[in-house]
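Trainee: Sharing coords16.txt here; it has compact mmCIF, C-alpha atoms.
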```txt
# COMPACT_ATOMS: atom_id res chain seq x y z
CA PRO A 817 -1.11 -59.41 -25.00
CA THR A 818 -2.45 -62.95 -25.26
CA PRO A 819 -2.99 -64.59 -21.81
CA HIS A 820 -0.59 -67.41 -21.09
CA THR A 821 -2.28 -70.82 -21.11
CA PRO A 822 -0.81 -73.68 -19.05
CA PRO A 823 0.02 -76.76 -21.17
CA PRO A 824 -2.64 -79.48 -20.89
CA HIS A 825 -0.45 -82.37 -19.74
CA THR A 826 2.07 -80.87 -17.33
CA THR A 827 3.21 -83.12 -14.49
CA PRO A 828 3.32 -81.16 -11.20
CA GLN A 829 6.78 -80.89 -9.66
CA PRO A 830 6.88 -80.36 -5.89
CA ALA A 831 8.35 -77.05 -4.71
CA GLN A 832 8.06 -75.47 -8.17
CA PHE A 833 5.70 -72.51 -8.42
CA THR A 834 5.44 -71.50 -12.07
CA ALA A 835 2.99 -69.57 -14.20
CA ARG A 836 2.44 -72.69 -16.25
CA GLU A 837 1.10 -74.65 -13.29
CA PRO A 838 -1.65 -72.85 -11.30
CA MET A 839 -1.99 -74.91 -8.13
CA LEU A 840 -5.11 -76.53 -6.81
CA ALA A 841 -5.56 -76.84 -3.06
CA SER A 842 -4.43 -80.45 -3.05
CA ARG A 843 -1.06 -79.38 -4.45
CA ILE A 844 -0.49 -76.53 -2.03
CA LEU A 845 -0.02 -78.87 0.91
CA ARG A 846 2.54 -80.97 -0.96
CA CYS A 847 4.50 -77.96 -2.15
CA ALA A 848 4.47 -75.65 0.85
CA ALA A 849 6.72 -77.66 3.17
CA ALA A 850 9.34 -78.32 0.53
CA ALA A 851 9.32 -74.72 -0.68
CA ALA A 852 9.64 -73.37 2.86
CA ALA A 853 12.67 -75.55 3.43
CA GLU A 854 14.33 -74.07 0.36
CA GLY A 855 14.07 -70.59 1.85
CA ALA A 856 16.54 -71.18 4.66
CA GLY A 857 19.44 -69.56 2.82
CA GLU A 858 17.44 -67.05 0.81
CA ALA A 859 18.88 -63.54 0.45
CA ARG A 860 16.87 -60.74 2.01
CA ARG A 861 14.28 -59.37 -0.41
CA VAL A 862 11.32 -56.99 -0.38
CA VAL A 863 7.88 -58.58 -0.62
CA VAL A 864 4.74 -56.46 -0.91
CA VAL A 865 1.51 -58.15 0.18
CA LEU A 866 -1.73 -56.64 -1.09
CA GLY A 867 -4.50 -57.39 1.38
CA GLY A 868 -1.84 -58.20 3.95
CA SER A 869 -4.06 -57.51 6.96
CA GLY A 870 -6.65 -60.07 5.87
CA TYR A 871 -7.17 -63.72 6.72
CA ILE A 872 -4.72 -65.20 4.19
CA GLY A 873 -2.63 -62.05 3.80
CA GLN A 874 -1.51 -62.12 7.44
CA ARG A 875 -0.18 -65.66 6.99
CA VAL A 876 1.65 -64.67 3.80
CA CYS A 877 3.27 -61.78 5.66
CA ARG A 878 4.27 -64.02 8.54
CA SER A 879 5.72 -66.70 6.27
CA ALA A 880 7.63 -64.16 4.18
CA ALA A 881 9.08 -62.60 7.33
CA ASP A 882 10.03 -66.07 8.58
CA ARG A 883 11.96 -66.53 5.33
CA GLY A 884 13.95 -63.36 6.01
CA ALA A 885 12.16 -60.99 3.64
CA THR A 886 11.43 -57.34 4.23
CA VAL A 887 7.63 -57.37 4.21
CA ILE A 888 5.27 -54.49 3.39
CA SER A 889 1.56 -55.08 3.96
CA LEU A 890 -0.90 -52.86 2.09
CA SER A 891 -4.62 -52.76 2.78
CA ARG A 892 -7.44 -50.32 3.30
CA SER A 893 -7.43 -50.97 7.05
CA GLY A 894 -3.67 -50.74 7.63
CA ALA A 895 -2.50 -52.98 10.46
CA PRO A 896 -4.54 -56.00 11.59
CA ARG A 897 -5.78 -56.59 15.13
CA SER A 898 -2.60 -58.51 16.01
CA PRO A 899 0.20 -56.97 13.91
CA ASP A 900 3.50 -58.73 13.31
CA PRO A 901 6.35 -56.46 14.51
CA ARG A 902 8.49 -57.60 11.57
CA VAL A 903 5.98 -56.27 9.01
CA THR A 904 5.56 -52.68 7.82
CA TYR A 905 1.86 -51.79 7.48
CA ALA A 906 0.46 -49.06 5.27
CA THR A 907 -2.96 -48.09 3.93
CA ALA A 908 -3.79 -48.39 0.24
CA ASP A 909 -6.74 -49.04 -2.06
CA ALA A 910 -6.24 -51.93 -4.49
CA LEU A 911 -8.53 -50.18 -6.98
CA GLU A 912 -6.32 -47.09 -6.94
CA PRO A 913 -2.79 -48.07 -8.01
CA SER A 914 -1.51 -44.57 -7.28
CA SER A 915 -2.11 -45.29 -3.58
CA TYR A 916 0.45 -48.12 -3.52
CA LEU A 917 2.84 -47.45 -6.43
CA PRO A 918 5.50 -45.85 -4.17
CA HIS A 919 5.69 -49.09 -2.16
CA LEU A 920 6.47 -51.16 -5.26
CA ALA A 921 9.80 -49.44 -5.89
CA GLY A 922 12.55 -51.96 -5.24
CA ALA A 923 10.16 -54.83 -4.52
CA GLU A 924 11.14 -58.25 -5.79
CA ALA A 925 7.69 -59.79 -5.43
CA VAL A 926 4.06 -58.81 -4.99
CA VAL A 927 1.57 -61.24 -3.48
CA SER A 928 -2.07 -60.30 -3.95
CA CYS A 929 -4.57 -61.69 -1.45
CA VAL A 930 -7.23 -59.20 -2.53
CA GLY A 931 -10.70 -60.72 -2.84
CA ALA A 932 -14.25 -60.31 -1.60
CA PHE A 933 -17.82 -61.54 -1.67
CA GLY A 934 -20.86 -59.31 -2.17
CA SER A 935 -22.92 -58.18 -5.11
CA ASP A 936 -21.99 -59.45 -8.56
CA ALA A 937 -20.61 -56.06 -9.56
CA HIS A 938 -18.62 -55.73 -6.33
CA MET A 939 -17.04 -59.18 -6.75
CA ARG A 940 -16.04 -58.44 -10.33
CA ARG A 941 -14.37 -55.20 -9.24
CA VAL A 942 -12.51 -56.55 -6.22
CA ASN A 943 -11.65 -60.08 -7.39
CA GLY A 944 -11.08 -59.06 -10.99
CA GLU A 945 -10.40 -55.40 -11.71
CA ALA A 946 -8.36 -54.69 -8.57
CA ASN A 947 -6.00 -57.59 -9.29
CA VAL A 948 -5.76 -56.80 -13.00
CA LEU A 949 -4.69 -53.27 -12.07
CA ALA A 950 -2.21 -54.59 -9.50
CA ALA A 951 -0.56 -56.97 -11.97
CA GLY A 952 -0.17 -54.18 -14.50
CA ALA A 953 1.18 -51.73 -11.92
CA ALA A 954 3.69 -54.28 -10.59
CA SER A 955 4.91 -55.09 -14.10
CA ASP A 956 5.32 -51.40 -14.95
CA ALA A 957 7.23 -50.87 -11.69
CA GLY A 958 9.74 -53.59 -12.59
CA VAL A 959 8.66 -56.11 -9.96
CA LEU A 960 10.17 -59.50 -10.78
CA ARG A 961 7.44 -61.85 -9.56
CA PHE A 962 3.72 -61.72 -8.93
CA VAL A 963 1.65 -64.22 -6.91
CA PHE A 964 -2.13 -64.20 -7.01
CA VAL A 965 -4.25 -66.09 -4.50
CA SER A 966 -7.22 -67.10 -6.62
CA ALA A 967 -9.86 -69.76 -5.94
CA VAL A 968 -10.37 -73.41 -6.73
CA GLU A 969 -11.40 -74.15 -10.30
CA SER A 970 -15.18 -74.28 -10.45
CA ASN A 971 -17.68 -76.14 -12.61
CA LEU A 972 -20.67 -74.84 -10.68
CA PRO A 973 -23.69 -73.64 -12.69
CA SER A 974 -22.88 -70.30 -14.28
CA PHE A 975 -25.56 -68.46 -12.27
CA LEU A 976 -23.81 -69.25 -8.95
CA LEU A 977 -21.38 -66.50 -7.92
CA PRO A 978 -20.49 -65.53 -11.51
CA GLY A 979 -18.85 -62.28 -10.43
CA TYR A 980 -16.63 -64.11 -7.96
CA PHE A 981 -15.29 -66.81 -10.26
CA GLN A 982 -15.20 -64.75 -13.45
CA GLY A 983 -13.45 -61.95 -11.61
CA LYS A 984 -10.82 -64.39 -10.36
CA LEU A 985 -10.33 -65.85 -13.84
CA SER A 986 -9.85 -62.42 -15.42
CA ALA A 987 -7.23 -61.65 -12.77
CA GLU A 988 -5.44 -64.95 -13.42
CA GLU A 989 -5.23 -64.12 -17.13
CA ALA A 990 -3.82 -60.68 -16.38
CA VAL A 991 -1.19 -62.04 -13.98
CA LEU A 992 0.01 -64.72 -16.39
CA SER A 993 0.03 -62.22 -19.24
CA SER A 994 2.02 -59.58 -17.34
CA PHE A 995 4.33 -62.19 -15.77
CA PRO A 996 4.47 -65.06 -18.29
CA GLU A 997 7.56 -66.67 -16.73
CA THR A 998 7.42 -65.50 -13.13
CA GLY A 999 3.71 -65.26 -12.34
CA THR A 1000 2.08 -67.74 -9.98
CA VAL A 1001 -1.59 -68.48 -9.44
CA LEU A 1002 -2.65 -70.35 -6.30
CA ARG A 1003 -6.08 -71.98 -6.39
CA PRO A 1004 -7.02 -73.03 -2.84
CA SER A 1005 -10.46 -74.37 -2.01
CA PHE A 1006 -12.07 -73.68 1.39
CA VAL A 1007 -9.26 -72.27 3.55
CA TYR A 1008 -9.51 -73.19 7.22
CA GLY A 1009 -7.84 -71.76 10.30
CA THR A 1010 -8.74 -69.14 12.89
CA ARG A 1011 -10.33 -66.15 11.17
CA ASP A 1012 -10.79 -62.78 12.84
CA VAL A 1013 -14.13 -61.13 12.05
CA GLY A 1014 -14.35 -57.86 13.93
CA PRO A 1015 -13.91 -58.68 17.64
CA LEU A 1016 -14.62 -62.38 17.04
CA SER A 1017 -12.26 -65.23 16.19
CA LEU A 1018 -13.91 -67.99 14.17
CA PRO A 1019 -12.34 -71.48 14.53
CA LEU A 1020 -12.81 -72.58 10.90
CA TRP A 1021 -10.32 -75.38 11.46
CA GLY A 1022 -13.01 -77.18 13.47
CA LEU A 1023 -14.90 -77.72 10.22
CA GLY A 1024 -12.13 -77.60 7.66
CA ARG A 1025 -9.67 -80.11 9.07
CA PRO A 1026 -12.19 -83.01 9.37
CA LEU A 1027 -13.51 -82.21 5.89
CA GLU A 1028 -10.00 -82.20 4.47
CA LEU A 1029 -9.47 -85.73 5.74
CA ALA A 1030 -12.92 -86.93 4.70
CA PHE A 1031 -12.68 -85.50 1.19
CA ARG A 1032 -9.55 -87.54 0.50
CA LEU A 1033 -11.16 -90.86 1.38
CA GLY A 1034 -13.50 -93.35 -0.28
CA PRO A 1035 -15.64 -92.25 -3.22
CA VAL A 1036 -15.21 -88.50 -2.73
CA PRO A 1037 -12.24 -88.02 -5.13
CA TRP A 1038 -14.09 -90.03 -7.78
CA ALA A 1039 -17.26 -87.98 -7.30
CA ARG A 1040 -15.30 -84.75 -7.55
CA ARG A 1041 -13.86 -85.81 -10.91
CA ASN A 1042 -17.01 -87.26 -12.42
CA VAL A 1043 -20.16 -85.72 -10.89
CA PRO A 1044 -21.22 -82.43 -12.54
CA GLY A 1045 -20.80 -79.40 -10.29
CA MET A 1046 -18.65 -81.17 -7.68
CA LYS A 1047 -15.17 -79.98 -8.71
CA ALA A 1048 -15.27 -77.00 -6.35
CA LEU A 1049 -17.69 -78.31 -3.73
CA LEU A 1050 -15.70 -81.50 -3.01
CA ALA A 1051 -12.20 -80.02 -3.27
CA PRO A 1052 -10.35 -80.85 -0.02
CA PRO A 1053 -10.09 -77.82 2.30
CA VAL A 1054 -6.59 -76.50 2.93
CA SER A 1055 -4.92 -74.90 5.94
CA VAL A 1056 -4.48 -71.13 5.89
CA ASP A 1057 -0.91 -71.64 7.07
CA ALA A 1058 -0.20 -73.86 4.05
CA VAL A 1059 -1.63 -71.24 1.69
CA GLY A 1060 0.40 -68.52 3.41
CA ALA A 1061 3.60 -70.56 3.14
CA ALA A 1062 2.95 -71.28 -0.54
CA GLY A 1063 2.27 -67.62 -1.27
CA ALA A 1064 5.47 -66.49 0.44
CA ALA A 1065 7.60 -69.17 -1.22
CA ALA A 1066 6.37 -68.70 -4.77
```
Output the file's structure in the form of structure tokens.

Mentor:
Amino acid sequence: PTPHTPPPHTTPQPAQFTAREPMLASRILRCAAAAAAEGAGEARRVVVVLGGSGYIGQRVCRSAADRGATVISLSRSGAPRSPDPRVTYATADALEPSSYLPHLAGAEAVVSCVGAFGSDAHMRRVNGEANVLAAGAASDAGVLRFVFVSAVESNLPSFLLPGYFQGKLSAEEAVLSSFPETGTVLRPSFVYGTRDVGPLSLPLWGLGRPLELAFRLGPVPWARRNVPGMKALLAPPVSVDAVGAAGAAA
């Protein structure tokens, strides 16, 4: 099938998460609060989160549970260091759909937070192939909606992290092809918060929050629009809680 292409002159509407409008980080903050408010009366539903024990995935699980959903987290590691008692954790390999297909039965939505850095080949497999397979498996299983946490649009030189960005783009195309009306792509930039790395907790908010404020002031927005290579580098950072809320609300 031909990948769905968002129209070129669409005006963003707050609290609407559609396949036609992949969101940049600056839009996530505006949409998340309004979308979360809409969930107050939402009927109970099943949400499957791929990569649910990771940095962003844990926040998606928490936000979905806050909205009253039955949440299933799937990852290679199972439960995170600080599991949420409202979430069901199971092990699965995103590159092996057979390992998670049984959990898709009856699910209304799948949110994929699967992604990684590493060698070029590894990034293409994890950021691209794994999510392409997940979108196809969810569609075949009759899942109604699919949300993919991608990355900010980049105009960096093509030799910088090609596997990362090209993998993400191939996954976006697959999601919007398999779910042309109910697929959502989130494109956050640098995501700040407290990130667990092994036994350590990294306070990324100490860097991200000041940068978020600074990148919205003075000449920075102009430079991001007009200076080659700055679209990704000068995108305002976004809170991990805002990304998690947006992913759960989409």

Trainee: If you measure from atom CA of Val963 of chain A to atom CA of Val942 of chain A, what distance in Å do you get, rounded to one decimal?

Mentor: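 So the two atoms, atom CA of Val963 of chain A and atom CA of Val942 of chain A, lie 16.1 Å apart.
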
Trainee: Work out how far atom CA of Gln982 of chain A is from atom CA of Gly1024 of chain A, in Å to one decimal.

Mentor: 24.9 Å

Trainee: Please return, as a VMD selection string, all polymer residues that have at least one atom within 9 Å of the point (-5.1, -51.5, 4.5); use all atoms listed in the file and the file's own coordinate frame.

Mentor: chain A and resid 866 to 870 889 to 896 905 to 909

Trainee: May I have the residues from that selection written out with C-alpha atoms, as a JSON list (two decimals), keeping the file's coordinate frame?

Mentor:
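Saved the output as again10.json:
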```json
[["chain", "number", "residue", "atom", "x", "y", "z"],
["A", 866, "LEU", "CA", -1.73, -56.64, -1.09],
["A", 867, "GLY", "CA", -4.50, -57.39, 1.38],
["A", 868, "GLY", "CA", -1.84, -58.20, 3.95],
["A", 869, "SER", "CA", -4.06, -57.51, 6.96],
["A", 870, "GLY", "CA", -6.65, -60.07, 5.87],
["A", 889, "SER", "CA", 1.56, -55.08, 3.96],
["A", 890, "LEU", "CA", -0.90, -52.86, 2.09],
["A", 891, "SER", "CA", -4.62, -52.76, 2.78],
["A", 892, "ARG", "CA", -7.44, -50.32, 3.30],
["A", 893, "SER", "CA", -7.43, -50.97, 7.05],
["A", 894, "GLY", "CA", -3.67, -50.74, 7.63],
["A", 895, "ALA", "CA", -2.50, -52.98, 10.46],
["A", 896, "PRO", "CA", -4.54, -56.00, 11.59],
["A", 905, "TYR", "CA", 1.86, -51.79, 7.48],
["A", 906, "ALA", "CA", 0.46, -49.06, 5.27],
["A", 907, "THR", "CA", -2.96, -48.09, 3.93],
["A", 908, "ALA", "CA", -3.79, -48.39, 0.24],
["A", 909, "ASP", "CA", -6.74, -49.04, -2.06]]
```

Trainee: Quick one: everything within 7 Å of Gly999 of chain A, counting only C-alpha atoms, minus sequence neighbours fewer than 2 positions away in the same chain. Send it as a list of chain:residue names.

Mentor: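 Contacts, with the query itself left out: A:Thr834, A:Ala835, A:Arg961, A:Phe962, A:Val963, A:Val991, A:Leu992, A:Phe995, A:Pro996, A:Glu997, A:Val1001.
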
Trainee: Could the residues in this selection be saved with C-alpha atoms as a compact mmCIF listing (two decimals), in the coordinates of the input?

Mentor:
```
# COMPACT_ATOMS: atom_id res chain seq x y z
CA THR A 834 5.44 -71.50 -12.07
CA ALA A 835 2.99 -69.57 -14.20
CA ARG A 961 7.44 -61.85 -9.56
CA PHE A 962 3.72 -61.72 -8.93
CA VAL A 963 1.65 -64.22 -6.91
CA VAL A 991 -1.19 -62.04 -13.98
CA LEU A 992 0.01 -64.72 -16.39
CA PHE A 995 4.33 -62.19 -15.77
CA PRO A 996 4.47 -65.06 -18.29
CA GLU A 997 7.56 -66.67 -16.73
CA VAL A 1001 -1.59 -68.48 -9.44
```

Trainee: Counting all atoms listed in the file, which residues sit no farther than 9 Å from the position (10.2, -51.2, -7.7) in the file's frame? I'd like them as a tab-separated table (two decimals) with C-alpha atoms, keeping the file's coordinate frame.

Mentor:
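The result, written out as point38.tsv:
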```
chain	number	residue	atom	x	y	z
A	917	LEU	CA	2.84	-47.45	-6.43
A	918	PRO	CA	5.50	-45.85	-4.17
A	919	HIS	CA	5.69	-49.09	-2.16
A	920	LEU	CA	6.47	-51.16	-5.26
A	921	ALA	CA	9.80	-49.44	-5.89
A	922	GLY	CA	12.55	-51.96	-5.24
A	923	ALA	CA	10.16	-54.83	-4.52
A	924	GLU	CA	11.14	-58.25	-5.79
A	954	ALA	CA	3.69	-54.28	-10.59
A	956	ASP	CA	5.32	-51.40	-14.95
A	957	ALA	CA	7.23	-50.87	-11.69
A	958	GLY	CA	9.74	-53.59	-12.59
A	959	VAL	CA	8.66	-56.11	-9.96
A	960	LEU	CA	10.17	-59.50	-10.78
```

Trainee: With distances taken over all atoms listed in the file, which of A:Val865, A:Ala937, A:Ala953, A:Val927 is nearest to Leu977 of chain A?

Mentor: A:Ala937

Trainee: So which residues touch Phe981 of chain A within 10 Å, counting all atoms listed in the file, skipping near sequence neighbours fewer than 2 positions away, as a PDB file with C-alpha atoms, keeping the file's coordinate frame?

Mentor:
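File produced: out.pdb:
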```
ATOM      1  CA  MET A 939     -17.040 -59.180  -6.750  1.00  0.00           C
ATOM      2  CA  ARG A 940     -16.040 -58.440 -10.330  1.00  0.00           C
ATOM      3  CA  ASN A 943     -11.650 -60.080  -7.390  1.00  0.00           C
ATOM      4  CA  GLY A 944     -11.080 -59.060 -10.990  1.00  0.00           C
ATOM      5  CA  SER A 966      -7.220 -67.100  -6.620  1.00  0.00           C
ATOM      6  CA  ALA A 967      -9.860 -69.760  -5.940  1.00  0.00           C
ATOM      7  CA  VAL A 968     -10.370 -73.410  -6.730  1.00  0.00           C
ATOM      8  CA  GLU A 969     -11.400 -74.150 -10.300  1.00  0.00           C
ATOM      9  CA  SER A 970     -15.180 -74.280 -10.450  1.00  0.00           C
ATOM     10  CA  ASN A 971     -17.680 -76.140 -12.610  1.00  0.00           C
ATOM     11  CA  LEU A 972     -20.670 -74.840 -10.680  1.00  0.00           C
ATOM     12  CA  SER A 974     -22.880 -70.300 -14.280  1.00  0.00           C
ATOM     13  CA  LEU A 976     -23.810 -69.250  -8.950  1.00  0.00           C
ATOM     14  CA  LEU A 977     -21.380 -66.500  -7.920  1.00  0.00           C
ATOM     15  CA  PRO A 978     -20.490 -65.530 -11.510  1.00  0.00           C
ATOM     16  CA  GLY A 979     -18.850 -62.280 -10.430  1.00  0.00           C
ATOM     17  CA  GLY A 983     -13.450 -61.950 -11.610  1.00  0.00           C
ATOM     18  CA  LYS A 984     -10.820 -64.390 -10.360  1.00  0.00           C
ATOM     19  CA  LEU A 985     -10.330 -65.850 -13.840  1.00  0.00           C
ATOM     20  CA  SER A 986      -9.850 -62.420 -15.420  1.00  0.00           C
ATOM     21  CA  ALA A 987      -7.230 -61.650 -12.770  1.00  0.00           C
TER      22      ALA A 987
END
```

Trainee: What is the atom CA of Tyr980 of chain A to atom CA of Trp1038 of chain A distance in Å?

Mentor: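 So the answer is 26.0 Å.
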
Trainee: Looking at all atoms listed in the file, which of A:Ser1005, A:Thr1010, A:Ser915, A:Ser1017 is the one that sits closest to Leu1050 of chain A?

Mentor: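 Under the stated criterion, the closest residue is A:Ser1005.
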
Trainee: Give me, as an MDAnalysis selection string, all polymer residues having an atom no more than 12 Å from Pro1053 of chain A, counting all atoms listed in the file and skipping those fewer than 5 positions away in the same chain.

Mentor: chainID A and resid 840:845 967:968 1003:1009 1020:1032 1048 1058:1059

Trainee: Rank nothing, just name the residue among A:Val965, A:Ala1064, A:Ala1039, A:Ala990 nearest to Val876 of chain A, using only C-alpha atoms.

Mentor: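 Smallest distance to Val876 of chain A is found for A:Ala1064.
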
Trainee: Report, as AutoDock Vina command-line options, the axis-aligned box around all atoms of segment 893-909 of chain A present in the file, extended by 5 Å on each side; give centre and edge lengths in Å to one decimal place.

Mentor:
```
--center_x 0.5 --center_y -53.4 --center_z 7.0 --size_x 25.9 --size_y 20.6 --size_z 28.1
```
